[in-house]
$ cat my_file-v7.txt   # compact mmCIF, C-alpha atoms and all ligand atoms
# COMPACT_ATOMS: atom_id res chain seq x y z
CA MET A 722 -6.98 15.91 15.73
CA GLU A 723 -3.75 17.83 16.22
CA TYR A 724 -2.17 19.80 13.40
CA LEU A 725 1.36 20.77 12.42
CA LYS A 726 2.07 24.11 10.78
CA LEU A 727 4.02 23.69 7.54
CA ASN A 728 6.66 26.20 6.38
CA ASN A 729 4.02 28.01 4.29
CA GLY A 730 1.66 28.48 7.25
CA ILE A 731 -0.75 25.75 6.13
CA LYS A 732 -1.82 23.28 8.80
CA ILE A 733 -1.56 19.54 8.17
CA PRO A 734 -3.30 16.91 10.32
CA MET A 735 -0.65 14.96 12.26
CA ILE A 736 -2.41 11.64 11.55
CA GLY A 737 -3.65 10.57 8.14
CA LEU A 738 -4.86 7.44 6.41
CA GLY A 739 -2.42 5.93 3.92
CA ILE A 740 -4.31 4.15 1.15
CA TYR A 741 -1.64 2.11 -0.61
CA ASN A 742 -3.47 -1.15 -1.46
CA LEU A 743 -6.66 0.18 0.09
CA ASN A 744 -9.19 0.31 -2.71
CA ASP A 745 -12.46 0.16 -0.82
CA GLU A 746 -14.37 3.43 -1.26
CA ASP A 747 -16.68 2.63 1.66
CA VAL A 748 -13.74 2.28 4.05
CA ILE A 749 -12.42 5.71 3.07
CA VAL A 750 -15.86 7.33 3.50
CA LYS A 751 -16.23 5.66 6.89
CA ALA A 752 -12.73 6.74 7.97
CA ILE A 753 -13.63 10.35 7.17
CA ASP A 754 -17.27 10.56 8.26
CA ASP A 755 -17.40 8.21 11.26
CA ILE A 756 -13.84 7.96 12.56
CA GLY A 757 -12.49 11.46 11.97
CA TYR A 758 -9.66 11.11 9.45
CA ARG A 759 -9.02 14.32 7.52
CA LEU A 760 -5.69 13.61 5.79
CA ILE A 761 -5.72 10.91 3.11
CA ASP A 762 -2.45 9.90 1.46
CA THR A 763 -2.54 8.43 -2.04
CA ALA A 764 -0.17 8.43 -5.02
CA ARG A 765 -0.49 8.14 -8.78
CA MET A 766 1.43 4.90 -8.36
CA TYR A 767 -1.31 3.38 -6.17
CA GLY A 768 -3.89 3.59 -8.97
CA ASN A 769 -6.68 4.58 -6.58
CA GLU A 770 -7.00 8.34 -7.04
CA LYS A 771 -10.41 7.88 -8.71
CA ILE A 772 -11.63 5.73 -5.82
CA LEU A 773 -10.49 8.43 -3.39
CA GLY A 774 -12.18 11.05 -5.59
CA ARG A 775 -15.50 9.23 -5.32
CA ALA A 776 -15.10 8.90 -1.54
CA ILE A 777 -14.40 12.64 -1.23
CA LYS A 778 -17.55 13.39 -3.21
CA ARG A 779 -19.67 11.03 -1.09
CA CYS A 780 -18.42 12.02 2.34
CA LYS A 781 -20.18 14.62 4.48
CA VAL A 782 -17.08 16.59 5.48
CA PRO A 783 -16.56 19.85 3.55
CA ARG A 784 -13.69 19.82 1.05
CA GLU A 785 -11.76 22.53 2.88
CA GLU A 786 -11.55 20.39 6.02
CA LEU A 787 -9.87 17.56 4.11
CA PHE A 788 -6.16 17.34 3.34
CA ILE A 789 -5.44 15.30 0.22
CA THR A 790 -1.91 14.19 -0.68
CA THR A 791 -0.83 12.56 -3.93
CA LYS A 792 2.51 11.97 -5.63
CA VAL A 793 4.04 12.08 -9.10
CA TYR A 794 6.15 9.07 -10.04
CA SER A 795 8.33 7.47 -12.69
CA PRO A 796 5.96 7.73 -15.69
CA ASP A 797 5.66 11.48 -14.90
CA ARG A 798 9.41 12.08 -15.17
CA GLY A 799 10.06 15.45 -16.80
CA TYR A 800 8.63 18.97 -16.68
CA GLU A 801 5.85 18.58 -19.26
CA LYS A 802 4.86 15.15 -17.97
CA THR A 803 4.55 16.45 -14.42
CA LYS A 804 2.46 19.38 -15.69
CA PHE A 805 0.16 16.83 -17.29
CA ALA A 806 0.19 14.63 -14.17
CA ILE A 807 -1.05 17.51 -11.98
CA GLU A 808 -4.04 18.06 -14.29
CA ASP A 809 -4.67 14.33 -14.48
CA SER A 810 -4.59 13.90 -10.69
CA LEU A 811 -6.95 16.87 -10.23
CA LYS A 812 -9.34 15.19 -12.66
CA ASN A 813 -9.01 11.75 -11.02
CA LEU A 814 -9.64 13.22 -7.58
CA GLY A 815 -12.44 15.51 -8.79
CA LEU A 816 -10.77 18.46 -7.05
CA ASP A 817 -9.84 21.97 -8.07
CA TYR A 818 -6.78 21.90 -5.83
CA ILE A 819 -4.56 19.27 -4.22
CA ASP A 820 -3.39 19.97 -0.67
CA LEU A 821 0.03 18.35 -0.97
CA MET A 822 1.80 16.92 -4.00
CA LEU A 823 5.10 15.08 -3.62
CA ILE A 824 7.76 13.67 -5.91
CA HIS A 825 7.45 9.99 -5.01
CA GLU A 826 11.19 9.29 -4.98
CA PRO A 827 14.35 10.93 -6.27
CA TYR A 828 14.57 10.81 -10.09
CA LYS A 829 17.25 12.35 -12.22
CA GLU A 830 14.53 14.62 -13.66
CA GLY A 831 13.56 15.61 -10.11
CA LEU A 832 14.43 19.29 -10.50
CA GLU A 833 12.28 19.80 -13.60
CA MET A 834 9.46 17.92 -11.93
CA TYR A 835 9.82 20.09 -8.86
CA LYS A 836 9.71 23.21 -11.05
CA ALA A 837 6.38 22.07 -12.47
CA LEU A 838 5.10 21.59 -8.92
CA GLU A 839 6.31 25.08 -7.96
CA GLU A 840 4.36 26.54 -10.88
CA ALA A 841 1.26 24.63 -9.81
CA VAL A 842 1.50 26.38 -6.44
CA GLN A 843 1.59 29.78 -8.19
CA GLU A 844 -1.46 28.72 -10.21
CA GLY A 845 -3.36 27.64 -7.09
CA LYS A 846 -3.66 24.04 -8.27
CA VAL A 847 -1.53 22.69 -5.44
CA LYS A 848 -1.34 24.26 -1.96
CA SER A 849 1.89 22.66 -0.69
CA ILE A 850 4.64 20.67 -2.36
CA GLY A 851 7.33 18.33 -1.21
CA ILE A 852 9.33 15.20 -1.76
CA SER A 853 9.42 11.60 -0.68
CA ASN A 854 12.25 9.16 -0.05
CA TYR A 855 14.94 11.83 -0.36
CA ASN A 856 17.97 11.15 1.81
CA ARG A 857 19.96 13.94 3.44
CA LYS A 858 22.23 14.57 0.48
CA GLN A 859 19.43 14.49 -2.08
CA TYR A 860 17.42 16.91 0.06
CA LEU A 861 20.34 19.33 0.47
CA ASP A 862 20.97 19.24 -3.31
CA LEU A 863 17.35 20.12 -4.00
CA LEU A 864 17.48 22.99 -1.48
CA LYS A 865 20.29 24.60 -3.48
CA HIS A 866 18.13 24.76 -6.60
CA CYS A 867 14.51 25.17 -5.58
CA ASN A 868 12.48 28.33 -5.02
CA ILE A 869 9.99 26.79 -2.62
CA VAL A 870 11.48 24.86 0.29
CA PRO A 871 9.71 21.46 0.38
CA ALA A 872 6.94 21.52 2.98
CA VAL A 873 7.34 17.80 3.65
CA ASN A 874 9.70 14.89 3.05
CA GLN A 875 7.73 11.65 3.35
CA VAL A 876 10.11 8.84 4.28
CA GLU A 877 10.17 5.41 5.86
CA ALA A 878 10.12 5.94 9.63
CA HIS A 879 9.05 3.67 12.49
CA VAL A 880 10.39 2.46 15.81
CA PHE A 881 13.01 0.30 14.04
CA TYR A 882 14.21 3.14 11.78
CA GLY A 883 13.94 6.40 13.66
CA ARG A 884 15.53 8.77 11.09
CA GLU A 885 16.82 11.10 13.80
CA GLU A 886 19.64 12.63 11.75
CA LEU A 887 17.52 13.13 8.66
CA GLN A 888 14.80 14.71 10.76
CA LYS A 889 17.28 17.16 12.26
CA THR A 890 18.47 18.21 8.82
CA LEU A 891 14.95 18.56 7.45
CA GLU A 892 13.60 20.54 10.37
CA GLY A 893 16.73 22.70 10.39
CA SER A 894 15.69 23.96 6.96
CA GLY A 895 11.94 24.10 7.56
CA THR A 896 10.77 20.79 6.10
CA ALA A 897 8.44 18.58 8.13
CA ILE A 898 9.05 14.83 8.25
CA GLU A 899 6.16 12.52 7.43
CA ALA A 900 6.49 8.83 8.32
CA TRP A 901 5.43 6.18 5.83
CA SER A 902 4.89 2.62 7.09
CA PRO A 903 4.79 4.05 10.62
CA LEU A 904 3.85 0.56 11.83
CA ALA A 905 6.75 -0.92 9.85
CA ALA A 906 4.02 -2.56 7.75
CA GLY A 907 3.85 -5.18 10.50
CA LYS A 908 7.47 -6.26 10.00
CA ASN A 909 9.81 -7.40 12.83
CA ASP A 910 6.79 -8.73 14.72
CA ILE A 911 6.14 -5.14 15.81
CA PHE A 912 2.68 -5.85 17.23
CA ASN A 913 4.13 -8.41 19.68
CA ASN A 914 7.14 -6.32 20.62
CA LYS A 915 7.75 -6.66 24.37
CA ILE A 916 8.81 -3.07 24.99
CA LEU A 917 5.79 -1.66 23.13
CA LEU A 918 3.39 -4.07 24.85
CA GLU A 919 4.80 -3.29 28.27
CA ILE A 920 4.53 0.46 27.82
CA GLY A 921 1.06 0.00 26.33
CA ARG A 922 -0.15 -1.75 29.47
CA LYS A 923 0.53 1.40 31.51
CA TYR A 924 -1.75 3.51 29.34
CA ASN A 925 -4.26 0.87 28.25
CA LYS A 926 -3.04 1.21 24.66
CA THR A 927 -1.94 -1.36 22.07
CA SER A 928 1.61 -1.88 20.83
CA ALA A 929 0.55 -0.23 17.56
CA GLN A 930 -0.67 2.86 19.39
CA ILE A 931 2.60 3.13 21.34
CA ALA A 932 4.63 2.77 18.13
CA LEU A 933 2.59 5.55 16.50
CA LYS A 934 2.64 7.79 19.57
CA TYR A 935 6.43 7.56 19.64
CA LEU A 936 6.59 9.14 16.16
CA LEU A 937 3.95 11.76 16.98
CA SER A 938 5.86 12.71 20.13
CA ARG A 939 8.87 13.31 17.91
CA ASN A 940 6.85 15.75 15.82
CA MET A 941 6.34 13.46 12.84
CA ILE A 942 3.21 13.35 10.69
CA ILE A 943 2.06 9.71 10.42
CA ILE A 944 -0.05 7.91 7.81
CA PRO A 945 -0.82 4.38 9.04
CA LYS A 946 -2.93 2.20 6.76
CA SER A 947 -5.78 0.05 7.98
CA GLU A 948 -8.95 -1.32 6.41
CA ASN A 949 -10.33 -2.47 9.74
CA THR A 950 -12.73 -0.22 11.69
CA LYS A 951 -11.34 -1.14 15.10
CA ARG A 952 -7.74 -0.51 14.02
CA LEU A 953 -8.64 2.68 12.14
CA LYS A 954 -10.09 3.96 15.42
CA GLN A 955 -7.04 2.86 17.41
CA ASN A 956 -4.65 4.61 15.06
CA ILE A 957 -6.30 7.98 15.54
CA ASP A 958 -6.92 7.62 19.28
CA LEU A 959 -3.53 8.88 20.38
CA PHE A 960 -4.13 12.24 21.99
CA ASP A 961 -5.34 11.26 25.46
CA PHE A 962 -1.98 10.19 26.89
CA GLU A 963 1.69 11.19 26.84
CA LEU A 964 4.79 8.99 26.79
CA THR A 965 7.35 9.80 29.48
CA LYS A 966 10.99 10.55 28.77
CA GLU A 967 11.81 7.04 30.05
CA ASP A 968 9.23 5.47 27.70
CA MET A 969 10.76 7.38 24.78
CA GLU A 970 14.27 6.24 25.73
CA LYS A 971 13.16 2.60 25.96
CA ILE A 972 11.47 2.73 22.56
CA LYS A 973 14.54 4.36 21.09
CA THR A 974 16.54 1.22 21.89
CA LEU A 975 14.55 -0.53 19.10
CA ASP A 976 16.08 1.78 16.47
CA ASN A 977 18.44 -0.24 14.25
CA LYS A 978 19.01 2.82 12.02
CA LYS A 979 18.42 0.66 8.97
CA SER A 980 15.64 0.54 6.40
CA LEU A 981 13.39 -2.53 6.44
CA PHE A 982 12.53 -1.93 2.78
CA GLY A 983 15.97 -1.64 1.19
CA TRP A 984 16.19 2.16 1.07
CA TYR A 985 19.60 3.71 1.67
CA ASP A 986 20.50 6.75 3.74
N1 LIG B 1001 6.15 7.41 -0.13
C1 LIG B 1001 6.38 6.13 -0.19
O1 LIG B 1001 7.30 5.68 -0.90
C2 LIG B 1001 5.54 5.17 0.60
C3 LIG B 1001 5.95 3.84 0.75
C4 LIG B 1001 5.15 2.99 1.53
C5 LIG B 1001 4.00 3.47 2.12
N2 LIG B 1001 3.62 4.78 1.94
C6 LIG B 1001 2.37 5.31 2.57
O2 LIG B 1001 2.33 4.93 3.95
C7 LIG B 1001 1.10 4.27 4.21
C8 LIG B 1001 1.24 3.29 5.33
O3 LIG B 1001 2.25 2.35 5.05
P1 LIG B 1001 2.02 0.77 4.97
O4 LIG B 1001 0.64 0.51 4.54
O5 LIG B 1001 3.14 0.20 4.17
O6 LIG B 1001 2.29 0.24 6.45
P2 LIG B 1001 1.81 0.56 7.94
O7 LIG B 1001 0.79 1.63 7.98
O8 LIG B 1001 3.04 0.68 8.73
O9 LIG B 1001 1.15 -0.84 8.35
C9 LIG B 1001 -0.03 -1.31 7.76
C10 LIG B 1001 -0.26 -2.73 8.25
O10 LIG B 1001 -0.48 -2.76 9.64
C11 LIG B 1001 -1.80 -3.27 9.93
N3 LIG B 1001 -2.33 -2.41 10.99
C12 LIG B 1001 -2.74 -1.13 10.87
N4 LIG B 1001 -3.12 -0.63 12.06
C13 LIG B 1001 -2.95 -1.63 12.96
C14 LIG B 1001 -3.17 -1.73 14.36
N5 LIG B 1001 -3.64 -0.69 15.07
N6 LIG B 1001 -2.90 -2.92 14.97
C15 LIG B 1001 -2.44 -3.97 14.26
N7 LIG B 1001 -2.23 -3.93 12.92
C16 LIG B 1001 -2.46 -2.76 12.28
C17 LIG B 1001 -2.57 -3.17 8.64
O11 LIG B 1001 -3.52 -4.21 8.53
P3 LIG B 1001 -5.13 -3.93 8.47
O12 LIG B 1001 -5.40 -3.10 7.25
O13 LIG B 1001 -5.72 -5.29 8.42
O14 LIG B 1001 -5.46 -3.20 9.76
C18 LIG B 1001 -1.46 -3.36 7.60
O15 LIG B 1001 -1.19 -4.74 7.42
C19 LIG B 1001 0.73 3.66 2.85
O16 LIG B 1001 -0.63 3.30 2.78
C20 LIG B 1001 1.11 4.77 1.92
O17 LIG B 1001 0.09 5.77 1.91
C21 LIG B 1001 4.38 5.62 1.20
$ encode --input "my_file-v7.txt" --output "structure tokens" --more "lines below"
Ligand SMILES: NC(=O)c1ccc[n+]([C@@H]2O[C@H](COP(=O)([O-])OP(=O)(O)OC[C@H]3O[C@@H](n4cnc5c(N)ncnc54)[C@H](OP(=O)(O)O)[C@@H]3O)[C@@H](O)[C@H]2O)c1
Amino acid sequence: MEYLKLNNGIKIPMIGLGIYNLNDEDVIVKAIDDIGYRLIDTARMYGNEKILGRAIKRCKVPREELFITTKVYSPDRGYEKTKFAIEDSLKNLGLDYIDLMLIHEPYKEGLEMYKALEEAVQEGKVKSIGISNYNRKQYLDLLKHCNIVPAVNQVEAHVFYGREELQKTLEGSGTAIEAWSPLAAGKNDIFNNKILLEIGRKYNKTSAQIALKYLLSRNMIIIPKSENTKRLKQNIDLFDFELTKEDMEKIKTLDNKKSLFGWYD
């Protein structure tokens, strides 16, 4: 596994398992113990923090080698509610600290929520904090008011929506970009895409692996979801080849610079 150093010096695995709609404890244990996943991405919204908590307890990998992300969301709007949410997530996950806690999307109470997250860092309950689904303007607004620069902004990013400008802004101020739906959730017939298949043939890799490698090569953290052992293995087997500049340019032609999920820039 390769790691990226966040702005607080903490290292985050560059590939994680996203568990939206993945509620099978055995799959999570297997992904950690047998396949080598260390970063697991959940959210209070997904309703599976307790399932993840049981998997963490069962797996053989020491806690400190894991990197657990969760997110506060709409019902946690407000300072006190976010304070409560942090305690609740710690309990659900059975942990005494969370590696990364994000605000799931911009809310008008975002600043108070962020303040509660900042305090949780001081208290040692959360190691790193960040945001999700913030566009450039929303991110720059937060920067003006926060004490801790977000470690991460988790946003939609895949070959069809490359987020180049947002990434430049984020990295310019020390925030890493983490790609959600890095396989575009299968949209646009991504797995049969001619360009991805053709490049894949050169390296004996699948279209999915090429799509993921493209993001990794651009310094993005990725959290593909799979419940299938073969595909879980594929999605982490990305470090034994490099895309050329020409490959990268070809893949870049797929970028429509538009969300596939109705988010706005
Ligand atoms: N912050 C946010 O607002 C937000 C929003 C959306 C998602 N997320 C996070 O991002 C994670 C991933 O996003 P996602 O689940 O929407 O989409 P995704 O990871 O882009 O795609 C998942 C889909 O692709 C299939 N797949 C996975 N690996 C494959 C492979 N190697 N070859 C062929 N098919 C493959 C999966 O099916 P199988 O399971 O059958 O393999 C599943 O149908 C989520 O689980 C969640 O943690 C965050």
$ residues_around --input "my_file-v7.txt" --residues "region 840-845 of chain A" --least-positions-apart "6" --cutoff "9 Å" --atoms "only C-alpha atoms" --output "PDB file with C-alpha atoms, in the coordinates of the input"
ATOM      1  CA  LYS A 804       2.460  19.380 -15.690  1.00  0.00           C
ATOM      2  CA  ILE A 807      -1.050  17.510 -11.980  1.00  0.00           C
ATOM      3  CA  ASP A 817      -9.840  21.970  -8.070  1.00  0.00           C
ATOM      4  CA  TYR A 818      -6.780  21.900  -5.830  1.00  0.00           C
ATOM      5  CA  ILE A 819      -4.560  19.270  -4.220  1.00  0.00           C
TER       6      ILE A 819
END
$ residues_near_ligand --input "my_file-v7.txt" --ligand "ligand LIG 1001 (chain B)" --cutoff "7 Å" --atoms "all atoms listed in the file" --output "count of residues only"
34
$ closest_residue --input "my_file-v7.txt" --among "A:Ser928, A:Asn868, A:Asn977, A:Thr791" --to "Leu811 (chain A)" --atoms "all atoms listed in the file"
A:Thr791
$ closest_residue --input "my_file-v7.txt" --among "A:Val880, A:Leu891, A:Ile931, A:Met822" --to "Leu975 (chain A)" --atoms "only C-alpha atoms"
A:Val880
$ closest_residue --input "my_file-v7.txt" --among "A:Lys802, A:Lys836, A:Lys848, A:Lys781" --to "Asp755 (chain A)" --atoms "only C-alpha atoms"
A:Lys781
